[in-house]
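A short worksheet on the structure shown next.
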Amino acid sequence: MNDTTAQTTPVLTGTDSSSLANTDNFNLQQNELVSKLIENGIVSKEKFDSAKVKALTSGKSIEDVLIQDRIVSSQDYYKIKSEIYNIPFINIAEKRIPVEILNIFSKDIAKKNQAVSFEETPDVVKVAMVDPLDLQKTRFLTTIIGKKIEPYFTDPVSIKTVIDTRYGAQISSEVDEALEDVADIIDVTGDGDFSNEDITSAPVAKIVNMILEYAVKHKASDVHIEPRESGIIVRYRMSGVLSEKLNFPKKLEKPVVARIKILSNLKIDEHRVPQDGRFQIKMDNHIVDIRVSIMPSVYGEKVVLRLLERGGNAISFDNTGIRGQAKEDFLLGLKKTQGIILVTGPTGSGKTVTLASSLMILNNPEVNIVTLEDPVEIRVEGITQIQINADIGLTFANGLRSVLRQDPDIVMVGEIRDQETARLAVQASLTGHLVLATLHTNNAAGAIPRLIDMGIEPFLLASTINVVAAQRLTRKICENCKMEYMASAEQIEEIEKVLSDVPGFDFTKLLRQNNNKLVLYKGKGCPECGDSGYRGRMGIFEAFSVDEDVMGLISDSAVANDIEKLAVKKGMITMVQDGYIKVLEGTTTIEEVLRVVN
């Protein structure tokens with residue numbers, strides 16, 4: 001039976017009525033469907049009768065029983081169904097669909113309505129649907145695109161395959177072509193050993209290259225290649241959020257992992273222990289460092305690739321998102337020749353970028369700057385950067401002790417993790433060095449009690465810390481699909497409550513000028529942002545300088561809450577407030593600010 005039949009294809013405009021809604025006619029067609037299944041030898045009468053009894057006793061539909069119990073294949077059932085209802089059938093999983101056609105409907109809409117667009121003419125969009133008889137769905141899809149819908153039957157398994165593996169991934173069609181070649185070239189049966197020729201064969205190399213190319217083009221920070229029981233999932237972290245883009249057959253797991261091991265100069269035959277490595281790629285005159293982590297799991301080896309663009313020219317302190325009083329306090333701390341500047345926040349909050357951009361401001365031939373990092377993520381020309389290696393005894397503490405013998409003016413410590421590192425950082429600042437460091441705390445004020453808990457005397461902290469900043473990364477609204485909407489009464493109340501004590505900001509006046517209405521912004525969702533409504537990230541910050549009043553609290557071992565209250569009293573804008581101000585400017589959304597701060 002062909003994928004598409006020769007019947008006249010109905011075109012649904014969203015306002016058409018149908019005799020299929022007539023119950024008697026519908027039942028007749030259902031009986032005809034059963035007869036054809038039996039006549040065509042797809043199912044025997046005995047098996048059908050047995051399935052009918054099971055449907056009545058279980059409460060399931062006869063269709064669910066036939067397909068779930070594998071009495072009838074999903075595809076055969078829907079092909080017969082298409083003949084009965086005079087609507088063509090298409091195996092959508094085998095159809096090569098251009099990305100721009102696929103993205104006529106977002107992934108969420110396709111999933112909810114079990115419908116995928118596969119062809120477009122000036123007046124009509126051809127859509128494969130599990131249930132093209134549902135006029136409510138066809139009307140909805142017609143309204144979405146403003147064109148007539150030409151529906152085709154397809155089966156649920158094919159729809160799920162397309163939605164899970166191709167949506168949002170523009171490399172899918174190219175990967176499909178490469179997979180066809182791989183099927184002929186790579187034999188993964190037997191003991192799973194591969195020759196070098198197999199591993200570096202064009203199709204496998206092409207697949208790995210395309211995975212990386214997509215990551216670079218879409219500014220992904222990480223790529224996760226995850227083995228599952230039945231296949232390989234590829235997920236990309238874009239704007240801080242993971243999204244699934246590709247699904248490979250299980251047989252490609254070992255050759256793809258082996259290819260990455262070869263690029264990273266790792267042991268191909270080692271599958272029991274974690275391995276770390278790195279390699280570089282060049283794309284459009286950009287050199288990208290790729291850090292590789294391979295970890296054994298129950299279904300195979302999981303690969304995580306972190307992408308880091310080389311060079312410091314792209315780093316700009318102004319582009320981090322810090323501004324206002326926080327920026328002034330931070331820059332004032334950088335101007336001092338000694339003391340400690342702390343940047344706090346959880347992993348992945350952008351601390352490394354903030355410190356790297358700070359070093360770009362300080363970097364000049366007159367000073368010696370040395371960094372200790374684990375790992376070295378952003379390479380900056382003119383600065384001595386040292387990679388921590390605990391396996392050989394090069395820890396932050398040991399490294400810092402040695403660095404202080406290298407006549408440094410400025411030292412950056414990637415992370416203060418223990419008492420010894422904290423003590424050495426304080427001693428370095430006391431002996432005339434400017435020390436930049438990161439710490440894992442939830443807010444800026446929490447950095448002081450954390451260091452005291454590590455055993456640092458409060459009076460030493462009071463005399464050495466210049467400024468403390470905390471930050472998070474929020475996703476920015478996609479400029480391509482940015483749209484306005486009127487804030488609800490609850491949102492207005494929430495914003496007013498948060499911004500009520502921001503110095504020099506009169507929210508009531510802002511509302512009065514706009515007739516008590518507030519315009520906010522969000523992303524509608526488009527192919528540019530993968531239908532997320534967000535594209536790119538920027539920081540939200542809070543920072544305070546350590547003056548005499550703050551010194552007094554630190555010396556008295558004050559709790560974080562007291563330090564924060566004093567900092568706010570002196571004009572510090574909190575991270576939530578900074579985020580909400582950026583919400584009013586149309587940079588991000590309330591939901592995004594609350595997601596990253598809370």
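Each chain in the structure tokens gets a letter, A, B and so on, in the order shown; residues start at 1 in every chain, and ligands are counted from 1 in the order they appear.
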Extract, using only C-alpha atoms, all DNA, RNA and protein residues at most 8 Å from stretch 446-457 of chain A, discarding same-chain residues fewer than 4 positions from it, and format them as a PDB file with N, CA, C and O atoms, in the first residue's frame.
```pdb
ATOM      1  N   LEU A 342      35.052  39.854  46.062  1.00  0.00           N
ATOM      2  CA  LEU A 342      34.371  38.566  46.035  1.00  0.00           C
ATOM      3  C   LEU A 342      33.172  38.614  45.091  1.00  0.00           C
ATOM      4  O   LEU A 342      32.394  39.572  45.127  1.00  0.00           O
ATOM      5  N   THR A 344      29.935  36.134  44.246  1.00  0.00           N
ATOM      6  CA  THR A 344      29.281  34.933  44.753  1.00  0.00           C
ATOM      7  C   THR A 344      28.107  34.514  43.868  1.00  0.00           C
ATOM      8  O   THR A 344      27.572  35.309  43.093  1.00  0.00           O
ATOM      9  N   ASP A 418      38.139  26.105  50.765  1.00  0.00           N
ATOM     10  CA  ASP A 418      38.505  25.593  52.079  1.00  0.00           C
ATOM     11  C   ASP A 418      39.185  26.673  52.903  1.00  0.00           C
ATOM     12  O   ASP A 418      39.491  27.768  52.421  1.00  0.00           O
ATOM     13  N   GLN A 419      39.460  26.341  54.163  1.00  0.00           N
ATOM     14  CA  GLN A 419      40.036  27.295  55.101  1.00  0.00           C
ATOM     15  C   GLN A 419      41.429  27.744  54.662  1.00  0.00           C
ATOM     16  O   GLN A 419      41.764  28.930  54.738  1.00  0.00           O
ATOM     17  N   ALA A 422      41.253  30.225  51.847  1.00  0.00           N
ATOM     18  CA  ALA A 422      40.716  31.491  52.360  1.00  0.00           C
ATOM     19  C   ALA A 422      41.786  32.252  53.136  1.00  0.00           C
ATOM     20  O   ALA A 422      41.939  33.482  52.971  1.00  0.00           O
ATOM     21  N   ARG A 423      42.538  31.559  53.985  1.00  0.00           N
ATOM     22  CA  ARG A 423      43.584  32.213  54.775  1.00  0.00           C
ATOM     23  C   ARG A 423      44.668  32.803  53.878  1.00  0.00           C
ATOM     24  O   ARG A 423      45.135  33.927  54.099  1.00  0.00           O
ATOM     25  N   LEU A 439      32.952  32.614  45.436  1.00  0.00           N
ATOM     26  CA  LEU A 439      32.495  31.874  46.604  1.00  0.00           C
ATOM     27  C   LEU A 439      31.073  31.426  46.333  1.00  0.00           C
ATOM     28  O   LEU A 439      30.312  32.144  45.678  1.00  0.00           O
ATOM     29  N   HIS A 440      30.693  30.271  46.824  1.00  0.00           N
ATOM     30  CA  HIS A 440      29.335  29.774  46.603  1.00  0.00           C
ATOM     31  C   HIS A 440      28.426  30.174  47.764  1.00  0.00           C
ATOM     32  O   HIS A 440      28.409  29.517  48.802  1.00  0.00           O
ATOM     33  N   THR A 441      27.700  31.272  47.589  1.00  0.00           N
ATOM     34  CA  THR A 441      26.670  31.674  48.555  1.00  0.00           C
ATOM     35  C   THR A 441      25.458  32.167  47.775  1.00  0.00           C
ATOM     36  O   THR A 441      25.554  32.492  46.588  1.00  0.00           O
ATOM     37  N   ASN A 442      24.314  32.248  48.462  1.00  0.00           N
ATOM     38  CA  ASN A 442      23.082  32.631  47.780  1.00  0.00           C
ATOM     39  C   ASN A 442      22.988  34.125  47.502  1.00  0.00           C
ATOM     40  O   ASN A 442      22.325  34.544  46.556  1.00  0.00           O
ATOM     41  N   LEU A 461      38.678  40.005  57.967  1.00  0.00           N
ATOM     42  CA  LEU A 461      37.760  40.228  56.842  1.00  0.00           C
ATOM     43  C   LEU A 461      37.380  41.698  56.751  1.00  0.00           C
ATOM     44  O   LEU A 461      37.298  42.264  55.655  1.00  0.00           O
ATOM     45  N   VAL A 468      31.756  43.095  47.767  1.00  0.00           N
ATOM     46  CA  VAL A 468      31.174  41.763  47.573  1.00  0.00           C
ATOM     47  C   VAL A 468      30.012  41.896  46.600  1.00  0.00           C
ATOM     48  O   VAL A 468      29.151  42.764  46.771  1.00  0.00           O
ATOM     49  N   ILE A 554      30.846  43.355  60.580  1.00  0.00           N
ATOM     50  CA  ILE A 554      31.674  42.169  60.337  1.00  0.00           C
ATOM     51  C   ILE A 554      32.512  41.835  61.564  1.00  0.00           C
ATOM     52  O   ILE A 554      32.625  40.669  61.965  1.00  0.00           O
ATOM     53  N   SER A 557      30.811  39.884  64.087  1.00  0.00           N
ATOM     54  CA  SER A 557      30.318  38.584  63.574  1.00  0.00           C
ATOM     55  C   SER A 557      28.817  38.612  63.316  1.00  0.00           C
ATOM     56  O   SER A 557      28.074  37.680  63.652  1.00  0.00           O
ATOM     57  N   ALA A 558      28.349  39.687  62.686  1.00  0.00           N
ATOM     58  CA  ALA A 558      26.919  39.839  62.400  1.00  0.00           C
ATOM     59  C   ALA A 558      26.453  38.777  61.413  1.00  0.00           C
ATOM     60  O   ALA A 558      27.228  38.282  60.586  1.00  0.00           O
ATOM     61  N   VAL A 559      25.167  38.432  61.497  1.00  0.00           N
ATOM     62  CA  VAL A 559      24.593  37.466  60.561  1.00  0.00           C
ATOM     63  C   VAL A 559      24.348  38.140  59.218  1.00  0.00           C
ATOM     64  O   VAL A 559      24.322  39.376  59.102  1.00  0.00           O
ATOM     65  N   ALA A 560      24.127  37.308  58.173  1.00  0.00           N
ATOM     66  CA  ALA A 560      23.964  37.821  56.815  1.00  0.00           C
ATOM     67  C   ALA A 560      22.794  38.790  56.699  1.00  0.00           C
ATOM     68  O   ALA A 560      22.872  39.796  55.979  1.00  0.00           O
TER      69      ALA A 560
END
```
Query raised in the report: Which polymer residues have any atom within 9 Å of an atom of stretch 313-328 of chain A, counting only C-alpha atoms, with same-chain residues fewer than 5 positions away left out, as a PyMOL selection string?
Result: chain A and resi 333+350+353-358+360-361+380+469+471+538-545+571-573
Selection above as a file: N, CA and C atoms, as a PDB file, in the first residue's frame:
```
ATOM      1  N   GLY A 333      36.197  49.082  43.740  1.00  0.00           N
ATOM      2  CA  GLY A 333      37.010  48.017  44.328  1.00  0.00           C
ATOM      3  C   GLY A 333      38.150  47.614  43.421  1.00  0.00           C
ATOM      4  N   GLY A 350      27.559  32.763  36.062  1.00  0.00           N
ATOM      5  CA  GLY A 350      28.301  33.769  35.301  1.00  0.00           C
ATOM      6  C   GLY A 350      29.441  34.420  36.048  1.00  0.00           C
ATOM      7  N   VAL A 353      32.788  34.767  34.001  1.00  0.00           N
ATOM      8  CA  VAL A 353      32.751  35.824  32.980  1.00  0.00           C
ATOM      9  C   VAL A 353      32.936  37.194  33.623  1.00  0.00           C
ATOM     10  N   THR A 354      32.291  37.411  34.776  1.00  0.00           N
ATOM     11  CA  THR A 354      32.436  38.697  35.463  1.00  0.00           C
ATOM     12  C   THR A 354      33.881  38.934  35.882  1.00  0.00           C
ATOM     13  N   LEU A 355      34.534  37.909  36.430  1.00  0.00           N
ATOM     14  CA  LEU A 355      35.925  38.065  36.837  1.00  0.00           C
ATOM     15  C   LEU A 355      36.851  38.241  35.636  1.00  0.00           C
ATOM     16  N   ALA A 356      36.587  37.475  34.561  1.00  0.00           N
ATOM     17  CA  ALA A 356      37.425  37.598  33.359  1.00  0.00           C
ATOM     18  C   ALA A 356      37.303  38.992  32.755  1.00  0.00           C
ATOM     19  N   SER A 357      36.079  39.519  32.729  1.00  0.00           N
ATOM     20  CA  SER A 357      35.886  40.873  32.190  1.00  0.00           C
ATOM     21  C   SER A 357      36.516  41.922  33.103  1.00  0.00           C
ATOM     22  N   SER A 358      36.565  41.636  34.407  1.00  0.00           N
ATOM     23  CA  SER A 358      37.244  42.538  35.347  1.00  0.00           C
ATOM     24  C   SER A 358      38.748  42.536  35.094  1.00  0.00           C
ATOM     25  N   MET A 360      40.165  42.040  32.296  1.00  0.00           N
ATOM     26  CA  MET A 360      40.411  42.787  31.059  1.00  0.00           C
ATOM     27  C   MET A 360      40.573  44.272  31.348  1.00  0.00           C
ATOM     28  N   ILE A 361      39.828  44.767  32.332  1.00  0.00           N
ATOM     29  CA  ILE A 361      39.962  46.176  32.729  1.00  0.00           C
ATOM     30  C   ILE A 361      41.328  46.410  33.380  1.00  0.00           C
ATOM     31  N   VAL A 380      42.722  34.616  28.452  1.00  0.00           N
ATOM     32  CA  VAL A 380      42.925  36.054  28.252  1.00  0.00           C
ATOM     33  C   VAL A 380      44.392  36.309  27.949  1.00  0.00           C
ATOM     34  N   ALA A 469      29.989  41.053  45.581  1.00  0.00           N
ATOM     35  CA  ALA A 469      28.898  41.056  44.594  1.00  0.00           C
ATOM     36  C   ALA A 469      28.300  39.665  44.510  1.00  0.00           C
ATOM     37  N   GLN A 471      25.465  37.374  41.902  1.00  0.00           N
ATOM     38  CA  GLN A 471      24.823  37.458  40.593  1.00  0.00           C
ATOM     39  C   GLN A 471      24.111  36.169  40.211  1.00  0.00           C
ATOM     40  N   MET A 538      21.772  37.492  30.386  1.00  0.00           N
ATOM     41  CA  MET A 538      22.493  38.598  30.999  1.00  0.00           C
ATOM     42  C   MET A 538      22.375  38.468  32.510  1.00  0.00           C
ATOM     43  N   GLY A 539      23.267  39.151  33.231  1.00  0.00           N
ATOM     44  CA  GLY A 539      23.303  39.018  34.676  1.00  0.00           C
ATOM     45  C   GLY A 539      22.382  39.986  35.395  1.00  0.00           C
ATOM     46  N   ILE A 540      21.922  39.564  36.554  1.00  0.00           N
ATOM     47  CA  ILE A 540      21.310  40.479  37.515  1.00  0.00           C
ATOM     48  C   ILE A 540      22.193  40.440  38.753  1.00  0.00           C
ATOM     49  N   PHE A 541      22.425  41.596  39.363  1.00  0.00           N
ATOM     50  CA  PHE A 541      23.473  41.723  40.368  1.00  0.00           C
ATOM     51  C   PHE A 541      22.985  42.405  41.640  1.00  0.00           C
ATOM     52  N   GLU A 542      23.734  42.192  42.701  1.00  0.00           N
ATOM     53  CA  GLU A 542      23.694  43.029  43.883  1.00  0.00           C
ATOM     54  C   GLU A 542      25.124  43.131  44.383  1.00  0.00           C
ATOM     55  N   ALA A 543      25.510  44.308  44.903  1.00  0.00           N
ATOM     56  CA  ALA A 543      26.885  44.499  45.367  1.00  0.00           C
ATOM     57  C   ALA A 543      26.916  45.590  46.426  1.00  0.00           C
ATOM     58  N   PHE A 544      27.845  45.442  47.357  1.00  0.00           N
ATOM     59  CA  PHE A 544      28.037  46.493  48.359  1.00  0.00           C
ATOM     60  C   PHE A 544      29.519  46.622  48.690  1.00  0.00           C
ATOM     61  N   SER A 545      29.918  47.862  48.992  1.00  0.00           N
ATOM     62  CA  SER A 545      31.282  48.133  49.437  1.00  0.00           C
ATOM     63  C   SER A 545      31.366  47.965  50.949  1.00  0.00           C
ATOM     64  N   GLY A 571      21.888  51.925  50.110  1.00  0.00           N
ATOM     65  CA  GLY A 571      21.613  52.093  48.685  1.00  0.00           C
ATOM     66  C   GLY A 571      21.806  50.873  47.816  1.00  0.00           C
ATOM     67  N   MET A 572      22.103  49.706  48.405  1.00  0.00           N
ATOM     68  CA  MET A 572      22.277  48.504  47.576  1.00  0.00           C
ATOM     69  C   MET A 572      20.940  48.063  46.975  1.00  0.00           C
ATOM     70  N   ILE A 573      20.945  47.814  45.681  1.00  0.00           N
ATOM     71  CA  ILE A 573      19.779  47.246  44.995  1.00  0.00           C
ATOM     72  C   ILE A 573      19.956  45.731  44.971  1.00  0.00           C
TER      73      ILE A 573
END
```
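Across the model, the gap from atom CA of A:Thr352 to atom CA of A:Asn364 is 19.7 Å.
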Report task. Would you mind listing what lies within 12 Å of A:Val257 as a PyMOL selection string, with only C-alpha atoms counted and same-chain residues fewer than 3 positions away left out? Result -> chain A and resi 194+199-200+204-205+207-208+224-227+232+250-254+260-264+266-271+275+292-296+300-305
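Closest to A:Asp547 among A:Val596, A:Leu37, A:Val576, A:Val467 is A:Val467, based on only C-alpha atoms.
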Report task. From a DSSP pass on the backbone, collect the residues of stretch 316-389 of chain A flagged as alpha helix (DSSP H) and hand them back as a PyMOL selection string. Result -> chain A and resi 324-335+351-362
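Neighbouring residues of A:Ser555 at 10 Å or closer, counting only C-alpha atoms and skipping chain neighbours under 5 positions away, are Glu457, Pro458, Phe459, Leu460, Leu461, Ala462, Ser463 and Val550 of chain A.
The closest residue to A:Thr574, picked from A:Arg472, A:Lys160, A:Lys111, A:Arg537 and counting only C-alpha atoms, is A:Arg472.
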**Report entry** Neighbour list for A:Asp289 as a PyMOL selection string, cut-off 7 Å, only C-alpha atoms, skip fewer than 6 positions in-chain
**Finding:** chain A and resi 279-281+307-310
